[in-house]
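Contents: one structure, followed by commentary.
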Amino acid sequence: MGFADSYLEKQKNFQVKIHDKPQLDLKFVVVIPCFNEPGLINTLDSIKDCKRIRSSIEVIILINSAEDTSEQIVSQNTKTYTEAKNWIHKNEDSSFRFFILQEIDLPRK
């Protein structure tokens, strides 16, 4: 049993969202939860500008909103998603990969 199996067992609606296999030399994974974040591109620029190691890095961006999130925030999240997709297209390379996920209408805890 893997480290996350008991957690995933509890998550009835869990679905694998990233199907790409990690690079063999992957050393770091950065996860950015994103809710109403108009400045995400600044964060991505900062990560990109860091001194790079000689191993692969992956950045997972999770833009999320709950079922009761205001339309204004949902709209901002959609704008952030589009901006981030464009940024990724311009900045990604084989050892610096980005995955962006958008989860909307998440149930309240």
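Ligands are numbered from 1 in the order shown, chains are lettered A, B, ... in the order of the structure tokens, and residues start at 1 in each chain.
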
Review point. If we count only C-alpha atoms, what is near stretch 43-57 of chain A at a cut-off of 9 Å, once residues fewer than 2 positions away on the same chain are taken out, given as JSON, numbers by chain?
Key: {"A": [22, 23, 24, 25, 26, 27, 28, 29, 30, 39, 40, 41, 59, 84, 87, 88, 91, 94, 95, 96, 97, 98]}

From the DSSP assignment of the backbone, select every residue of stretch 32-74 of chain A that is strand (DSSP E or B), and format the answer as a PDB file with N, CA, C and O atoms, in the first residue's frame.
```pdb
ATOM      1  N   ILE A  32       0.770  24.540  -6.513  1.00  0.00           N
ATOM      2  CA  ILE A  32       0.245  25.875  -6.239  1.00  0.00           C
ATOM      3  C   ILE A  32      -1.284  25.805  -6.220  1.00  0.00           C
ATOM      4  O   ILE A  32      -1.918  25.734  -7.268  1.00  0.00           O
ATOM      5  N   PRO A  33      -1.902  25.794  -5.026  1.00  0.00           N
ATOM      6  CA  PRO A  33      -3.353  25.924  -4.974  1.00  0.00           C
ATOM      7  C   PRO A  33      -3.712  27.364  -5.305  1.00  0.00           C
ATOM      8  O   PRO A  33      -3.039  28.298  -4.864  1.00  0.00           O
ATOM      9  N   CYS A  34      -4.735  27.552  -6.091  1.00  0.00           N
ATOM     10  CA  CYS A  34      -5.021  28.878  -6.631  1.00  0.00           C
ATOM     11  C   CYS A  34      -6.516  29.162  -6.542  1.00  0.00           C
ATOM     12  O   CYS A  34      -7.315  28.509  -7.201  1.00  0.00           O
ATOM     13  N   SER A  56      14.874  17.532 -13.472  1.00  0.00           N
ATOM     14  CA  SER A  56      13.553  18.013 -13.883  1.00  0.00           C
ATOM     15  C   SER A  56      12.765  18.555 -12.696  1.00  0.00           C
ATOM     16  O   SER A  56      12.924  18.100 -11.561  1.00  0.00           O
ATOM     17  N   ILE A  57      11.913  19.515 -13.016  1.00  0.00           N
ATOM     18  CA  ILE A  57      11.015  20.140 -12.045  1.00  0.00           C
ATOM     19  C   ILE A  57       9.622  20.134 -12.653  1.00  0.00           C
ATOM     20  O   ILE A  57       9.454  20.372 -13.848  1.00  0.00           O
ATOM     21  N   GLU A  58       8.629  19.858 -11.824  1.00  0.00           N
ATOM     22  CA  GLU A  58       7.240  19.948 -12.263  1.00  0.00           C
ATOM     23  C   GLU A  58       6.494  20.913 -11.354  1.00  0.00           C
ATOM     24  O   GLU A  58       6.712  20.934 -10.149  1.00  0.00           O
ATOM     25  N   VAL A  59       5.621  21.686 -11.956  1.00  0.00           N
ATOM     26  CA  VAL A  59       4.775  22.617 -11.220  1.00  0.00           C
ATOM     27  C   VAL A  59       3.329  22.239 -11.526  1.00  0.00           C
ATOM     28  O   VAL A  59       2.927  22.166 -12.686  1.00  0.00           O
ATOM     29  N   ILE A  60       2.572  21.975 -10.469  1.00  0.00           N
ATOM     30  CA  ILE A  60       1.151  21.643 -10.608  1.00  0.00           C
ATOM     31  C   ILE A  60       0.350  22.822 -10.057  1.00  0.00           C
ATOM     32  O   ILE A  60       0.508  23.202  -8.897  1.00  0.00           O
ATOM     33  N   ILE A  61      -0.465  23.398 -10.907  1.00  0.00           N
ATOM     34  CA  ILE A  61      -1.305  24.532 -10.526  1.00  0.00           C
ATOM     35  C   ILE A  61      -2.739  24.033 -10.443  1.00  0.00           C
ATOM     36  O   ILE A  61      -3.264  23.472 -11.407  1.00  0.00           O
ATOM     37  N   LEU A  62      -3.364  24.208  -9.292  1.00  0.00           N
ATOM     38  CA  LEU A  62      -4.745  23.776  -9.108  1.00  0.00           C
ATOM     39  C   LEU A  62      -5.618  24.995  -8.852  1.00  0.00           C
ATOM     40  O   LEU A  62      -5.630  25.552  -7.756  1.00  0.00           O
ATOM     41  N   ILE A  63      -6.312  25.422  -9.886  1.00  0.00           N
ATOM     42  CA  ILE A  63      -7.252  26.539  -9.768  1.00  0.00           C
ATOM     43  C   ILE A  63      -8.590  25.939  -9.343  1.00  0.00           C
ATOM     44  O   ILE A  63      -9.105  25.044  -9.994  1.00  0.00           O
ATOM     45  N   ASN A  64      -9.110  26.422  -8.211  1.00  0.00           N
ATOM     46  CA  ASN A  64     -10.297  25.769  -7.657  1.00  0.00           C
ATOM     47  C   ASN A  64     -11.317  26.773  -7.160  1.00  0.00           C
ATOM     48  O   ASN A  64     -10.994  27.907  -6.839  1.00  0.00           O
ATOM     49  N   SER A  65     -12.561  26.303  -7.122  1.00  0.00           N
ATOM     50  CA  SER A  65     -13.648  27.079  -6.537  1.00  0.00           C
ATOM     51  C   SER A  65     -14.699  26.109  -6.002  1.00  0.00           C
ATOM     52  O   SER A  65     -14.832  24.998  -6.491  1.00  0.00           O
ATOM     53  N   ALA A  66     -15.398  26.574  -4.990  1.00  0.00           N
ATOM     54  CA  ALA A  66     -16.434  25.761  -4.357  1.00  0.00           C
ATOM     55  C   ALA A  66     -17.782  26.002  -5.023  1.00  0.00           C
ATOM     56  O   ALA A  66     -17.958  26.933  -5.813  1.00  0.00           O
TER      57      ALA A  66
END
```

With a distance cut-off of 12 Å and only C-alpha atoms, select the neighbouring residues of A:Phe35, excluding the residue or stretch itself and same-chain residues fewer than 6 positions from it, and output the selection as a PDB file with all heavy atoms, in the first residue's frame.
```pdb
ATOM      1  N   ILE A  61      -0.465  23.398 -10.907  1.00  0.00           N
ATOM      2  CA  ILE A  61      -1.305  24.532 -10.526  1.00  0.00           C
ATOM      3  C   ILE A  61      -2.739  24.033 -10.443  1.00  0.00           C
ATOM      4  O   ILE A  61      -3.264  23.472 -11.407  1.00  0.00           O
ATOM      5  CB  ILE A  61      -1.208  25.654 -11.571  1.00  0.00           C
ATOM      6  CG1 ILE A  61       0.251  26.080 -11.758  1.00  0.00           C
ATOM      7  CG2 ILE A  61      -2.096  26.835 -11.185  1.00  0.00           C
ATOM      8  CD1 ILE A  61       0.502  26.797 -13.060  1.00  0.00           C
ATOM      9  N   LEU A  62      -3.364  24.208  -9.292  1.00  0.00           N
ATOM     10  CA  LEU A  62      -4.745  23.776  -9.108  1.00  0.00           C
ATOM     11  C   LEU A  62      -5.618  24.995  -8.852  1.00  0.00           C
ATOM     12  O   LEU A  62      -5.630  25.552  -7.756  1.00  0.00           O
ATOM     13  CB  LEU A  62      -4.872  22.787  -7.949  1.00  0.00           C
ATOM     14  CG  LEU A  62      -6.291  22.347  -7.632  1.00  0.00           C
ATOM     15  CD1 LEU A  62      -6.956  21.716  -8.844  1.00  0.00           C
ATOM     16  CD2 LEU A  62      -6.313  21.405  -6.450  1.00  0.00           C
ATOM     17  N   ILE A  63      -6.312  25.422  -9.886  1.00  0.00           N
ATOM     18  CA  ILE A  63      -7.252  26.539  -9.768  1.00  0.00           C
ATOM     19  C   ILE A  63      -8.590  25.939  -9.343  1.00  0.00           C
ATOM     20  O   ILE A  63      -9.105  25.044  -9.994  1.00  0.00           O
ATOM     21  CB  ILE A  63      -7.370  27.296 -11.103  1.00  0.00           C
ATOM     22  CG1 ILE A  63      -5.997  27.869 -11.489  1.00  0.00           C
ATOM     23  CG2 ILE A  63      -8.428  28.389 -11.008  1.00  0.00           C
ATOM     24  CD1 ILE A  63      -5.957  28.523 -12.840  1.00  0.00           C
ATOM     25  N   ASN A  64      -9.110  26.422  -8.211  1.00  0.00           N
ATOM     26  CA  ASN A  64     -10.297  25.769  -7.657  1.00  0.00           C
ATOM     27  C   ASN A  64     -11.317  26.773  -7.160  1.00  0.00           C
ATOM     28  O   ASN A  64     -10.994  27.907  -6.839  1.00  0.00           O
ATOM     29  CB  ASN A  64      -9.876  24.830  -6.525  1.00  0.00           C
ATOM     30  CG  ASN A  64      -9.285  25.575  -5.354  1.00  0.00           C
ATOM     31  OD1 ASN A  64     -10.005  26.004  -4.470  1.00  0.00           O
ATOM     32  ND2 ASN A  64      -7.961  25.756  -5.356  1.00  0.00           N
ATOM     33  N   SER A  65     -12.561  26.303  -7.122  1.00  0.00           N
ATOM     34  CA  SER A  65     -13.648  27.079  -6.537  1.00  0.00           C
ATOM     35  C   SER A  65     -14.699  26.109  -6.002  1.00  0.00           C
ATOM     36  O   SER A  65     -14.832  24.998  -6.491  1.00  0.00           O
ATOM     37  CB  SER A  65     -14.267  28.026  -7.577  1.00  0.00           C
ATOM     38  OG  SER A  65     -14.782  27.300  -8.670  1.00  0.00           O
ATOM     39  N   ALA A  66     -15.398  26.574  -4.990  1.00  0.00           N
ATOM     40  CA  ALA A  66     -16.434  25.761  -4.357  1.00  0.00           C
ATOM     41  C   ALA A  66     -17.782  26.002  -5.023  1.00  0.00           C
ATOM     42  O   ALA A  66     -17.958  26.933  -5.813  1.00  0.00           O
ATOM     43  CB  ALA A  66     -16.519  26.092  -2.868  1.00  0.00           C
ATOM     44  N   THR A  69     -19.009  29.580  -4.550  1.00  0.00           N
ATOM     45  CA  THR A  69     -18.091  30.667  -4.876  1.00  0.00           C
ATOM     46  C   THR A  69     -18.808  31.711  -5.733  1.00  0.00           C
ATOM     47  O   THR A  69     -19.570  31.367  -6.633  1.00  0.00           O
ATOM     48  CB  THR A  69     -16.868  30.118  -5.634  1.00  0.00           C
ATOM     49  OG1 THR A  69     -16.197  29.168  -4.800  1.00  0.00           O
ATOM     50  CG2 THR A  69     -15.900  31.220  -6.004  1.00  0.00           C
ATOM     51  N   SER A  70     -18.533  32.980  -5.455  1.00  0.00           N
ATOM     52  CA  SER A  70     -19.189  34.058  -6.201  1.00  0.00           C
ATOM     53  C   SER A  70     -18.781  34.023  -7.670  1.00  0.00           C
ATOM     54  O   SER A  70     -17.695  33.564  -8.030  1.00  0.00           O
ATOM     55  CB  SER A  70     -18.819  35.418  -5.595  1.00  0.00           C
ATOM     56  OG  SER A  70     -17.473  35.740  -5.907  1.00  0.00           O
ATOM     57  N   GLN A  72     -17.896  36.504  -9.438  1.00  0.00           N
ATOM     58  CA  GLN A  72     -16.720  37.349  -9.624  1.00  0.00           C
ATOM     59  C   GLN A  72     -15.434  36.521  -9.465  1.00  0.00           C
ATOM     60  O   GLN A  72     -14.506  36.649 -10.266  1.00  0.00           O
ATOM     61  CB  GLN A  72     -16.739  38.500  -8.623  1.00  0.00           C
ATOM     62  CG  GLN A  72     -15.533  39.414  -8.727  1.00  0.00           C
ATOM     63  CD  GLN A  72     -15.545  40.509  -7.675  1.00  0.00           C
ATOM     64  OE1 GLN A  72     -16.439  40.588  -6.848  1.00  0.00           O
ATOM     65  NE2 GLN A  72     -14.547  41.355  -7.707  1.00  0.00           N
ATOM     66  N   ILE A  73     -15.376  35.680  -8.461  1.00  0.00           N
ATOM     67  CA  ILE A  73     -14.189  34.847  -8.237  1.00  0.00           C
ATOM     68  C   ILE A  73     -14.081  33.771  -9.308  1.00  0.00           C
ATOM     69  O   ILE A  73     -12.989  33.494  -9.814  1.00  0.00           O
ATOM     70  CB  ILE A  73     -14.203  34.254  -6.812  1.00  0.00           C
ATOM     71  CG1 ILE A  73     -14.019  35.380  -5.792  1.00  0.00           C
ATOM     72  CG2 ILE A  73     -13.106  33.189  -6.661  1.00  0.00           C
ATOM     73  CD1 ILE A  73     -14.174  34.955  -4.346  1.00  0.00           C
ATOM     74  N   VAL A  74     -15.191  33.167  -9.682  1.00  0.00           N
ATOM     75  CA  VAL A  74     -15.169  32.169 -10.755  1.00  0.00           C
ATOM     76  C   VAL A  74     -14.643  32.803 -12.038  1.00  0.00           C
ATOM     77  O   VAL A  74     -13.821  32.213 -12.751  1.00  0.00           O
ATOM     78  CB  VAL A  74     -16.571  31.545 -10.970  1.00  0.00           C
ATOM     79  CG1 VAL A  74     -16.609  30.688 -12.224  1.00  0.00           C
ATOM     80  CG2 VAL A  74     -16.980  30.719  -9.751  1.00  0.00           C
ATOM     81  N   SER A  75     -15.077  34.028 -12.321  1.00  0.00           N
ATOM     82  CA  SER A  75     -14.605  34.740 -13.503  1.00  0.00           C
ATOM     83  C   SER A  75     -13.098  35.006 -13.413  1.00  0.00           C
ATOM     84  O   SER A  75     -12.368  34.835 -14.395  1.00  0.00           O
ATOM     85  CB  SER A  75     -15.374  36.053 -13.652  1.00  0.00           C
ATOM     86  OG  SER A  75     -14.893  36.780 -14.748  1.00  0.00           O
ATOM     87  N   GLN A  76     -12.624  35.429 -12.238  1.00  0.00           N
ATOM     88  CA  GLN A  76     -11.188  35.662 -12.056  1.00  0.00           C
ATOM     89  C   GLN A  76     -10.413  34.354 -12.240  1.00  0.00           C
ATOM     90  O   GLN A  76      -9.353  34.333 -12.864  1.00  0.00           O
ATOM     91  CB  GLN A  76     -10.896  36.256 -10.679  1.00  0.00           C
ATOM     92  CG  GLN A  76      -9.404  36.446 -10.398  1.00  0.00           C
ATOM     93  CD  GLN A  76      -8.734  37.359 -11.393  1.00  0.00           C
ATOM     94  OE1 GLN A  76      -9.115  38.510 -11.551  1.00  0.00           O
ATOM     95  NE2 GLN A  76      -7.715  36.867 -12.082  1.00  0.00           N
ATOM     96  N   ASN A  77     -10.937  33.266 -11.700  1.00  0.00           N
ATOM     97  CA  ASN A  77     -10.272  31.970 -11.852  1.00  0.00           C
ATOM     98  C   ASN A  77     -10.171  31.570 -13.323  1.00  0.00           C
ATOM     99  O   ASN A  77      -9.150  31.039 -13.761  1.00  0.00           O
ATOM    100  CB  ASN A  77     -11.009  30.887 -11.066  1.00  0.00           C
ATOM    101  CG  ASN A  77     -10.728  30.948  -9.580  1.00  0.00           C
ATOM    102  OD1 ASN A  77      -9.898  31.716  -9.122  1.00  0.00           O
ATOM    103  ND2 ASN A  77     -11.444  30.126  -8.829  1.00  0.00           N
ATOM    104  N   THR A  78     -11.213  31.819 -14.087  1.00  0.00           N
ATOM    105  CA  THR A  78     -11.197  31.503 -15.518  1.00  0.00           C
ATOM    106  C   THR A  78     -10.151  32.347 -16.239  1.00  0.00           C
ATOM    107  O   THR A  78      -9.397  31.843 -17.075  1.00  0.00           O
ATOM    108  CB  THR A  78     -12.593  31.721 -16.133  1.00  0.00           C
ATOM    109  OG1 THR A  78     -13.528  30.871 -15.461  1.00  0.00           O
ATOM    110  CG2 THR A  78     -12.598  31.414 -17.618  1.00  0.00           C
ATOM    111  N   LYS A  79     -10.075  33.620 -15.896  1.00  0.00           N
ATOM    112  CA  LYS A  79      -9.068  34.508 -16.486  1.00  0.00           C
ATOM    113  C   LYS A  79      -7.663  34.027 -16.109  1.00  0.00           C
ATOM    114  O   LYS A  79      -6.772  33.966 -16.959  1.00  0.00           O
ATOM    115  CB  LYS A  79      -9.298  35.937 -16.003  1.00  0.00           C
ATOM    116  CG  LYS A  79      -8.319  36.931 -16.571  1.00  0.00           C
ATOM    117  CD  LYS A  79      -8.622  38.338 -16.077  1.00  0.00           C
ATOM    118  CE  LYS A  79      -7.570  39.295 -16.623  1.00  0.00           C
ATOM    119  NZ  LYS A  79      -7.718  40.629 -16.071  1.00  0.00           N
ATOM    120  N   THR A  80      -7.468  33.675 -14.855  1.00  0.00           N
ATOM    121  CA  THR A  80      -6.167  33.183 -14.394  1.00  0.00           C
ATOM    122  C   THR A  80      -5.782  31.912 -15.130  1.00  0.00           C
ATOM    123  O   THR A  80      -4.626  31.742 -15.541  1.00  0.00           O
ATOM    124  CB  THR A  80      -6.205  32.941 -12.869  1.00  0.00           C
ATOM    125  OG1 THR A  80      -6.492  34.179 -12.211  1.00  0.00           O
ATOM    126  CG2 THR A  80      -4.888  32.384 -12.358  1.00  0.00           C
ATOM    127  N   TYR A  81      -6.734  31.020 -15.326  1.00  0.00           N
ATOM    128  CA  TYR A  81      -6.490  29.764 -16.041  1.00  0.00           C
ATOM    129  C   TYR A  81      -6.003  30.050 -17.470  1.00  0.00           C
ATOM    130  O   TYR A  81      -5.000  29.485 -17.919  1.00  0.00           O
ATOM    131  CB  TYR A  81      -7.763  28.921 -16.056  1.00  0.00           C
ATOM    132  CG  TYR A  81      -7.630  27.621 -16.796  1.00  0.00           C
ATOM    133  CD1 TYR A  81      -7.086  26.502 -16.181  1.00  0.00           C
ATOM    134  CD2 TYR A  81      -8.055  27.504 -18.118  1.00  0.00           C
ATOM    135  CE1 TYR A  81      -6.958  25.297 -16.866  1.00  0.00           C
ATOM    136  CE2 TYR A  81      -7.936  26.313 -18.804  1.00  0.00           C
ATOM    137  CZ  TYR A  81      -7.394  25.209 -18.167  1.00  0.00           C
ATOM    138  OH  TYR A  81      -7.269  24.028 -18.859  1.00  0.00           O
ATOM    139  N   LEU A 101      -4.670  22.481 -13.599  1.00  0.00           N
ATOM    140  CA  LEU A 101      -5.962  21.837 -13.403  1.00  0.00           C
ATOM    141  C   LEU A 101      -6.941  22.890 -12.921  1.00  0.00           C
ATOM    142  O   LEU A 101      -6.574  23.786 -12.158  1.00  0.00           O
ATOM    143  CB  LEU A 101      -5.860  20.724 -12.362  1.00  0.00           C
ATOM    144  CG  LEU A 101      -4.768  19.678 -12.583  1.00  0.00           C
ATOM    145  CD1 LEU A 101      -4.650  18.763 -11.384  1.00  0.00           C
ATOM    146  CD2 LEU A 101      -5.050  18.882 -13.839  1.00  0.00           C
ATOM    147  N   GLN A 102      -8.181  22.753 -13.355  1.00  0.00           N
ATOM    148  CA  GLN A 102      -9.226  23.663 -12.885  1.00  0.00           C
ATOM    149  C   GLN A 102     -10.367  22.824 -12.350  1.00  0.00           C
ATOM    150  O   GLN A 102     -10.974  22.035 -13.082  1.00  0.00           O
ATOM    151  CB  GLN A 102      -9.691  24.585 -14.006  1.00  0.00           C
ATOM    152  CG  GLN A 102     -10.632  25.662 -13.527  1.00  0.00           C
ATOM    153  CD  GLN A 102     -10.928  26.690 -14.600  1.00  0.00           C
ATOM    154  OE1 GLN A 102     -10.900  26.401 -15.780  1.00  0.00           O
ATOM    155  NE2 GLN A 102     -11.239  27.900 -14.179  1.00  0.00           N
ATOM    156  N   GLU A 103     -10.633  22.984 -11.069  1.00  0.00           N
ATOM    157  CA  GLU A 103     -11.724  22.278 -10.420  1.00  0.00           C
ATOM    158  C   GLU A 103     -12.755  23.294  -9.966  1.00  0.00           C
ATOM    159  O   GLU A 103     -12.444  24.189  -9.184  1.00  0.00           O
ATOM    160  CB  GLU A 103     -11.213  21.481  -9.211  1.00  0.00           C
ATOM    161  CG  GLU A 103     -10.279  20.337  -9.580  1.00  0.00           C
ATOM    162  CD  GLU A 103     -10.996  19.217 -10.306  1.00  0.00           C
ATOM    163  OE1 GLU A 103     -12.191  18.985 -10.055  1.00  0.00           O
ATOM    164  OE2 GLU A 103     -10.349  18.580 -11.155  1.00  0.00           O
ATOM    165  N   ILE A 104     -13.969  23.168 -10.478  1.00  0.00           N
ATOM    166  CA  ILE A 104     -15.038  24.093 -10.116  1.00  0.00           C
ATOM    167  C   ILE A 104     -16.146  23.349  -9.388  1.00  0.00           C
ATOM    168  O   ILE A 104     -16.264  22.136  -9.494  1.00  0.00           O
ATOM    169  CB  ILE A 104     -15.577  24.836 -11.360  1.00  0.00           C
ATOM    170  CG1 ILE A 104     -16.091  23.839 -12.383  1.00  0.00           C
ATOM    171  CG2 ILE A 104     -14.509  25.725 -11.982  1.00  0.00           C
ATOM    172  CD1 ILE A 104     -16.776  24.477 -13.573  1.00  0.00           C
ATOM    173  N   LEU A 106     -16.544  22.595  -6.285  1.00  0.00           N
ATOM    174  CA  LEU A 106     -16.155  21.604  -5.281  1.00  0.00           C
ATOM    175  C   LEU A 106     -17.143  21.672  -4.130  1.00  0.00           C
ATOM    176  O   LEU A 106     -17.576  22.762  -3.726  1.00  0.00           O
ATOM    177  CB  LEU A 106     -14.736  21.879  -4.770  1.00  0.00           C
ATOM    178  CG  LEU A 106     -13.640  21.697  -5.793  1.00  0.00           C
ATOM    179  CD1 LEU A 106     -12.310  22.212  -5.243  1.00  0.00           C
ATOM    180  CD2 LEU A 106     -13.514  20.243  -6.203  1.00  0.00           C
TER     181      LEU A 106
END
```

Exercise for review: List every residue of chain A that DSSP, applied to the backbone of this structure, assigns to alpha helix (DSSP H), and report them as JSON, numbers by chain.
Suggested key: {"A": [5, 6, 7, 8, 9, 10, 40, 41, 42, 43, 44, 45, 46, 47, 48, 49, 71, 72, 73, 74, 75, 76, 77, 78, 79, 80, 81, 82, 83, 84, 85, 86, 87, 88, 89, 90, 91]}

Check your understanding: Which of these, A:Pro38, A:Asp105, A:Lys90, A:Phe99, has the shortest distance to A:Glu71 once you count only C-alpha atoms?
Key -> A:Asp105

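Atom CA of A:Glu67 sits 28.7 Å away from atom CA of A:Asp20.
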
Practice item. Using only C-alpha atoms, find the one residue out of A:Lys85, A:Pro107, A:Lys17, A:Asp5 that sits nearest to A:Asp68. Key: A:Pro107
